[in-house]
Amino acid sequence: MNEISIENLAETTRNDFPLLVNKDSSTTPFIYFDYAATSQKPYQVLKALDNYYSNENANVHRGAHQLSARATQSFERARDITARFVDASSSNEIVFTRNATEAINLVAHSWGDFLISEGDEILLTVMEHHSNLVPWQLLAKRTGCLLRYIGLTPSGELDISDFCSKLNQRTKLVSLVHVSNTLGCCNPIAEVVNIAHKSGALVLVDGCQSLAHRKVSVKELDIDFLVGSSHKLCGPTGIGFLWSREEILDQIPPFLGGGEMIKEVFLDKSTWSDLPHKFEAGTPAIGEAIAMGEALNYLDNLGWERIQGWERQLTRHLFQALNSIKGLRVLGPSPDQQLDRGILASFTIDNIHSNDIASLLDASGICIRSGHHCCQPLHRHYGLNSTARASLSFTSTIEEIDNFYEELISIVNFLNQHN
């Protein structure tokens, strides 16, 4: 690699992540290449989680005592951080959920059940994660709406011409992933939004694979819904968020009923809290939300140019290594075809099952994923049952890629000799 001016961000961040540095020297070397499934967590996030349970553990919003007031302040500060992270106009536009899956289900129920009717259409893509397929399939069963699917180009990118041909006046929503967790392609969201809005359709973006790797501004993209998941963002599990414009959230009914989301309750009726609490029934994941806020601050403080610069170099090095292996095929566009593609590679190797690849790499201390990555329709589109996937982060190193490549070559040679 010749781009010596690019900062090796791994050198300045790896020591922040206990799982990457607290390794027993007597064990096999450890390489974590499964960031698309879940990210590692820095000390700053773990400390925030511990601090809440150690020093601020109380329920939020309704308590009159000082401990509850401190917990509420920290919890709502996390909402403010999340709003700034996605460039929202107000923290009232941030709804905390368990994860991105719940956020999509919230939209499908609260917005979909309220505004979608028989004959309406929702546009999805064949590259979607199951979380952005199943909720809409259930909505179609409830309402009689029609689901249509945008296809792919030969390079594994969104087919804009197919999108335009399927978009029509009956289309009420276009829901798509920002960065595919299997193809790695970065979808042209701004272009999709411009076209969709001219037809009167709203746009939902699944940001799970993009939010940890690039700056995402809901204002610049001009989208209508954005979902994210903390555990992909160096934060804890069990917390995610939905962003939408206040006028949309004001219009639609609650998702779940119970405590927290009410203003007044009578035996025969109830009234709802103001935004965003109308959508947050029950005791929330308080400590997890606070720790997610710390994770978002951590990413912001690193700087997106630094993150993207280093990750682009890692992606190119990964592809150079994989493309040199005979019989190996990577799905989706290459870094030369799409500069902003995700820092991952899903691949197949002739006559070798992806599970065998993952298992043998694991025996050498290298963690990758194998399977359909919750994208069964996409794999069927390519005539595949599964792929192996290596997904990296700004904490990854060139040396780790080289070690992964060498082990992979060894596995290929071993299995070919025994086939």
# chains A, B, ... in the order shown; residues from 1 in each chain; ligands from 1
call {"tool": "residues_around", "arguments": {"residues": "Leu331 of chain A", "least_positions_apart": "4", "cutoff": "8 Å", "atoms": "only C-alpha atoms", "output": "PyMOL selection string"}}
result
chain A and resi 156+182-183+345-347
call {"tool": "write_last_selection", "arguments": {"atoms": "N, CA and C atoms", "output": "PDB file, in the first residue's frame"}}
result
ATOM      1  N   GLY A 156     -23.682  -5.998  -8.411  1.00  0.00           N
ATOM      2  CA  GLY A 156     -24.190  -6.145  -7.051  1.00  0.00           C
ATOM      3  C   GLY A 156     -24.520  -4.830  -6.383  1.00  0.00           C
ATOM      4  N   THR A 182     -24.097  -7.834   3.237  1.00  0.00           N
ATOM      5  CA  THR A 182     -23.567  -8.960   2.467  1.00  0.00           C
ATOM      6  C   THR A 182     -22.832  -8.497   1.219  1.00  0.00           C
ATOM      7  N   LEU A 183     -23.440  -7.575   0.464  1.00  0.00           N
ATOM      8  CA  LEU A 183     -22.808  -7.065  -0.753  1.00  0.00           C
ATOM      9  C   LEU A 183     -21.797  -5.970  -0.459  1.00  0.00           C
ATOM     10  N   ALA A 345     -16.337  -8.206   3.201  1.00  0.00           N
ATOM     11  CA  ALA A 345     -16.296  -9.009   1.976  1.00  0.00           C
ATOM     12  C   ALA A 345     -16.981 -10.340   2.250  1.00  0.00           C
ATOM     13  N   SER A 346     -18.069 -10.593   1.526  1.00  0.00           N
ATOM     14  CA  SER A 346     -18.740 -11.889   1.566  1.00  0.00           C
ATOM     15  C   SER A 346     -18.272 -12.669   0.346  1.00  0.00           C
ATOM     16  N   PHE A 347     -17.817 -13.900   0.559  1.00  0.00           N
ATOM     17  CA  PHE A 347     -17.176 -14.612  -0.542  1.00  0.00           C
ATOM     18  C   PHE A 347     -17.482 -16.106  -0.514  1.00  0.00           C
TER      19      PHE A 347
END
call {"tool": "residues_around", "arguments": {"residues": "segment 41-50 of chain A", "least_positions_apart": "6", "cutoff": "12 Å", "atoms": "only C-alpha atoms", "output": "number ranges by chain"}}
result
A: 13-22, 35, 56-57, 71, 74-75, 78, 230-237, 285-299, 393, 395
call {"tool": "write_last_selection", "arguments": {"atoms": "C-alpha atoms", "output": "compact mmCIF listing (two decimals), in the first residue's frame"}}
result
# COMPACT_ATOMS: atom_id res chain seq x y z
CA THR A 13 -7.71 2.99 19.17
CA ARG A 14 -7.00 -0.68 19.85
CA ASN A 15 -5.94 -0.09 23.44
CA ASP A 16 -9.41 1.31 24.11
CA PHE A 17 -10.98 -2.12 23.47
CA PRO A 18 -10.40 -4.67 26.23
CA LEU A 19 -11.28 -7.70 24.14
CA LEU A 20 -8.63 -6.73 21.60
CA VAL A 21 -5.83 -6.24 24.14
CA ASN A 22 -6.64 -8.46 27.13
CA TYR A 35 -17.91 -6.40 13.06
CA GLU A 56 -27.08 6.32 39.33
CA ASN A 57 -29.27 3.22 39.36
CA ALA A 71 -30.58 8.99 36.02
CA SER A 74 -28.07 11.04 31.93
CA PHE A 75 -30.74 9.15 29.99
CA ALA A 78 -28.03 10.20 25.62
CA SER A 230 -26.22 0.40 19.41
CA HIS A 231 -24.33 -2.90 19.31
CA LYS A 232 -23.13 -2.14 15.77
CA LEU A 233 -21.90 1.26 17.01
CA CYS A 234 -19.43 0.23 19.73
CA GLY A 235 -22.32 0.36 22.23
CA PRO A 236 -24.13 -2.26 24.31
CA THR A 237 -26.81 -4.65 23.11
CA ALA A 285 -32.94 0.24 28.86
CA ILE A 286 -31.55 3.13 30.88
CA GLY A 287 -27.95 2.11 31.40
CA GLU A 288 -27.71 0.82 27.85
CA ALA A 289 -28.99 4.11 26.41
CA ILE A 290 -26.48 6.08 28.49
CA ALA A 291 -23.65 3.79 27.32
CA MET A 292 -24.82 4.08 23.70
CA GLY A 293 -24.53 7.84 24.02
CA GLU A 294 -20.94 7.40 25.17
CA ALA A 295 -20.28 5.14 22.16
CA LEU A 296 -21.65 7.73 19.75
CA ASN A 297 -19.46 10.40 21.35
CA TYR A 298 -16.47 8.08 21.00
CA LEU A 299 -17.06 7.68 17.25
CA SER A 393 -13.45 -1.93 11.61
CA THR A 395 -9.47 -1.05 14.92
call {"tool": "select_by_dssp", "arguments": {"residues": "segment 231-305 of chain A", "states": "strand (DSSP E or B)", "output": "ChimeraX atom specification"}}
result
/A:240-244,262-265,270-272
call {"tool": "write_last_selection", "arguments": {"atoms": "N, CA and C atoms", "output": "PDB file, in the first residue's frame"}}
result
ATOM      1  N   GLY A 240     -31.484   0.535  20.704  1.00  0.00           N
ATOM      2  CA  GLY A 240     -31.359   1.068  19.354  1.00  0.00           C
ATOM      3  C   GLY A 240     -32.225   2.304  19.272  1.00  0.00           C
ATOM      4  N   PHE A 241     -32.466   2.785  18.064  1.00  0.00           N
ATOM      5  CA  PHE A 241     -33.270   3.998  17.971  1.00  0.00           C
ATOM      6  C   PHE A 241     -33.958   4.104  16.619  1.00  0.00           C
ATOM      7  N   LEU A 242     -35.038   4.845  16.630  1.00  0.00           N
ATOM      8  CA  LEU A 242     -35.729   5.289  15.427  1.00  0.00           C
ATOM      9  C   LEU A 242     -35.663   6.798  15.387  1.00  0.00           C
ATOM     10  N   TRP A 243     -35.281   7.347  14.229  1.00  0.00           N
ATOM     11  CA  TRP A 243     -35.435   8.779  13.999  1.00  0.00           C
ATOM     12  C   TRP A 243     -36.512   8.987  12.958  1.00  0.00           C
ATOM     13  N   SER A 244     -37.374   9.961  13.206  1.00  0.00           N
ATOM     14  CA  SER A 244     -38.303  10.423  12.182  1.00  0.00           C
ATOM     15  C   SER A 244     -38.648  11.869  12.468  1.00  0.00           C
ATOM     16  N   ILE A 262     -47.914   7.308  28.654  1.00  0.00           N
ATOM     17  CA  ILE A 262     -49.237   7.891  28.865  1.00  0.00           C
ATOM     18  C   ILE A 262     -49.149   9.269  29.523  1.00  0.00           C
ATOM     19  N   LYS A 263     -50.184  10.058  29.283  1.00  0.00           N
ATOM     20  CA  LYS A 263     -50.357  11.314  29.999  1.00  0.00           C
ATOM     21  C   LYS A 263     -51.354  11.118  31.123  1.00  0.00           C
ATOM     22  N   GLU A 264     -52.528  10.586  30.771  1.00  0.00           N
ATOM     23  CA  GLU A 264     -53.546  10.254  31.765  1.00  0.00           C
ATOM     24  C   GLU A 264     -54.207   8.941  31.391  1.00  0.00           C
ATOM     25  N   VAL A 265     -54.571   8.150  32.406  1.00  0.00           N
ATOM     26  CA  VAL A 265     -55.247   6.885  32.173  1.00  0.00           C
ATOM     27  C   VAL A 265     -56.554   6.865  32.970  1.00  0.00           C
ATOM     28  N   SER A 270     -57.347   6.510  27.497  1.00  0.00           N
ATOM     29  CA  SER A 270     -56.048   7.042  27.924  1.00  0.00           C
ATOM     30  C   SER A 270     -55.616   8.110  26.937  1.00  0.00           C
ATOM     31  N   THR A 271     -54.743   8.982  27.396  1.00  0.00           N
ATOM     32  CA  THR A 271     -54.131   9.968  26.515  1.00  0.00           C
ATOM     33  C   THR A 271     -52.622   9.776  26.562  1.00  0.00           C
ATOM     34  N   TRP A 272     -51.958  10.230  25.486  1.00  0.00           N
ATOM     35  CA  TRP A 272     -50.555   9.872  25.310  1.00  0.00           C
ATOM     36  C   TRP A 272     -49.611  11.000  25.712  1.00  0.00           C
TER      37      TRP A 272
END
call {"tool": "select_by_dssp", "arguments": {"residues": "segment 72-308 of chain A", "states": "helix (DSSP H, G or I)", "output": "number ranges by chain"}}
result
A: 72-85, 91-93, 100-115, 130-132, 134-143, 160-166, 189-198, 218-221, 230-232, 246-251, 277-279, 286-302, 304-308
call {"tool": "atom_distance", "arguments": {"atom1": "atom CA of Leu322 of chain A", "atom2": "atom CA of Asp362 of chain A"}}
result
17.8 Å
call {"tool": "closest_residue", "arguments": {"among": "A:Asp162, A:Glu260, A:Asp336, A:Glu399", "to": "Cys185 of chain A", "atoms": "only C-alpha atoms"}}
result
A:Asp336
call {"tool": "closest_residue", "arguments": {"among": "A:Asp159, A:Glu280, A:Glu407, A:Asp268", "to": "Thr125 of chain A", "atoms": "only C-alpha atoms"}}
result
A:Asp159
call {"tool": "residues_around", "arguments": {"residues": "Thr101 of chain A", "least_positions_apart": "4", "cutoff": "8 Å", "atoms": "only C-alpha atoms", "output": "short mmCIF file (atom, residue, chain, number, x, y, z; two decimals) with C-alpha atoms, in the first residue's frame"}}
result
data_model
loop_
_atom_site.label_atom_id
_atom_site.label_comp_id
_atom_site.auth_asym_id
_atom_site.auth_seq_id
_atom_site.Cartn_x
_atom_site.Cartn_y
_atom_site.Cartn_z
CA ASN A 105 -41.53 -2.94 13.45
CA SER A 131 -35.47 -7.28 9.68
CA ASN A 132 -36.42 -5.07 6.74
#
call {"tool": "residues_around", "arguments": {"residues": "Ala140 of chain A", "least_positions_apart": "3", "cutoff": "12 Å", "atoms": "only C-alpha atoms", "output": "list of chain:residue names"}}
result
A:Ala108, A:His109, A:Gly112, A:Asp113, A:Ile116, A:Ser117, A:Glu118, A:Gly119, A:Asp120, A:Glu121, A:Ile122, A:Leu123, A:Leu133, A:Val134, A:Pro135, A:Trp136, A:Gln137, A:Thr143, A:Gly144, A:Cys145, A:Leu146, A:Leu147, A:Arg148
call {"tool": "closest_residue", "arguments": {"among": "A:Leu202, A:Leu158, A:Ala281, A:Ile31", "to": "Pro333 of chain A", "atoms": "only C-alpha atoms"}}
result
A:Leu158
call {"tool": "closest_residue", "arguments": {"among": "A:Val179, A:Leu139, A:Ala88, A:Leu9", "to": "Glu220 of chain A", "atoms": "only C-alpha atoms"}}
result
A:Ala88
call {"tool": "residues_around", "arguments": {"residues": "Ser199 of chain A", "least_positions_apart": "6", "cutoff": "12 Å", "atoms": "only C-alpha atoms", "output": "ChimeraX atom specification"}}
result
/A:164,166-174,192-193
call {"tool": "write_last_selection", "arguments": {"atoms": "N, CA and C atoms", "output": "compact mmCIF listing (two decimals), in the first residue's frame"}}
result
# COMPACT_ATOMS: atom_id res chain seq x y z
N CYS A 164 -36.87 2.98 -10.64
CA CYS A 164 -37.73 3.97 -11.30
C CYS A 164 -38.90 3.30 -12.01
N LYS A 166 -40.44 0.62 -11.09
CA LYS A 166 -41.40 0.04 -10.15
C LYS A 166 -42.05 1.08 -9.24
N LEU A 167 -41.45 2.25 -9.13
CA LEU A 167 -42.04 3.33 -8.34
C LEU A 167 -43.23 3.91 -9.10
N ASN A 168 -44.34 4.10 -8.39
CA ASN A 168 -45.52 4.68 -9.02
C ASN A 168 -46.34 5.42 -7.97
N GLN A 169 -47.48 5.93 -8.38
CA GLN A 169 -48.31 6.75 -7.48
C GLN A 169 -48.91 5.96 -6.33
N ARG A 170 -48.90 4.63 -6.44
CA ARG A 170 -49.41 3.80 -5.34
C ARG A 170 -48.34 3.51 -4.30
N THR A 171 -47.07 3.82 -4.63
CA THR A 171 -45.96 3.57 -3.70
C THR A 171 -46.03 4.54 -2.53
N LYS A 172 -46.13 4.01 -1.33
CA LYS A 172 -46.22 4.85 -0.12
C LYS A 172 -44.90 4.92 0.64
N LEU A 173 -44.07 3.89 0.47
CA LEU A 173 -42.80 3.84 1.22
C LEU A 173 -41.77 3.09 0.42
N VAL A 174 -40.54 3.61 0.44
CA VAL A 174 -39.36 2.88 -0.04
C VAL A 174 -38.50 2.61 1.19
N VAL A 192 -32.21 8.16 -4.37
CA VAL A 192 -33.47 7.43 -4.13
C VAL A 192 -34.51 8.34 -3.53
N VAL A 193 -34.10 9.13 -2.54
CA VAL A 193 -35.04 10.03 -1.86
C VAL A 193 -35.60 11.06 -2.83
call {"tool": "atom_distance", "arguments": {"atom1": "atom CA of Val412 of chain A", "atom2": "atom CA of His129 of chain A"}}
result
29.1 Å
call {"tool": "residues_around", "arguments": {"residues": "Ile325 of chain A", "least_positions_apart": "2", "cutoff": "9 Å", "atoms": "only C-alpha atoms", "output": "tab-separated table (two decimals) with C-alpha atoms, in the first residue's frame"}}
result
chain	number	residue	atom	x	y	z
A	321	ALA	CA	-5.67	-10.32	-0.81
A	322	LEU	CA	-8.92	-12.13	-1.54
A	323	ASN	CA	-8.82	-11.52	-5.29
A	327	GLY	CA	-11.60	-19.90	-7.18
A	328	LEU	CA	-12.63	-17.19	-4.73
A	329	ARG	CA	-15.53	-14.88	-5.62
A	349	ILE	CA	-14.55	-20.51	-2.79
A	405	TYR	CA	-5.08	-14.27	4.07
A	408	LEU	CA	-7.19	-18.82	4.31
A	409	ILE	CA	-4.65	-19.90	1.68
A	412	VAL	CA	-7.87	-23.78	0.74
call {"tool": "atom_distance", "arguments": {"atom1": "atom CA of Glu128 of chain A", "atom2": "atom CA of Ala212 of chain A"}}
result
18.4 Å
call {"tool": "closest_residue", "arguments": {"among": "A:Asn301, A:Asn385, A:Ser175, A:Asn181", "to": "Ala36 of chain A", "atoms": "only C-alpha atoms"}}
result
A:Asn181
call {"tool": "residues_around", "arguments": {"residues": "His353 of chain A", "least_positions_apart": "3", "cutoff": "9 Å", "atoms": "only C-alpha atoms", "output": "ChimeraX atom specification"}}
result
/A:348-350,356-358,386-388
call {"tool": "closest_residue", "arguments": {"among": "A:Glu406, A:Leu314, A:Phe255, A:His381", "to": "His277 of chain A", "atoms": "only C-alpha atoms"}}
result
A:Phe255
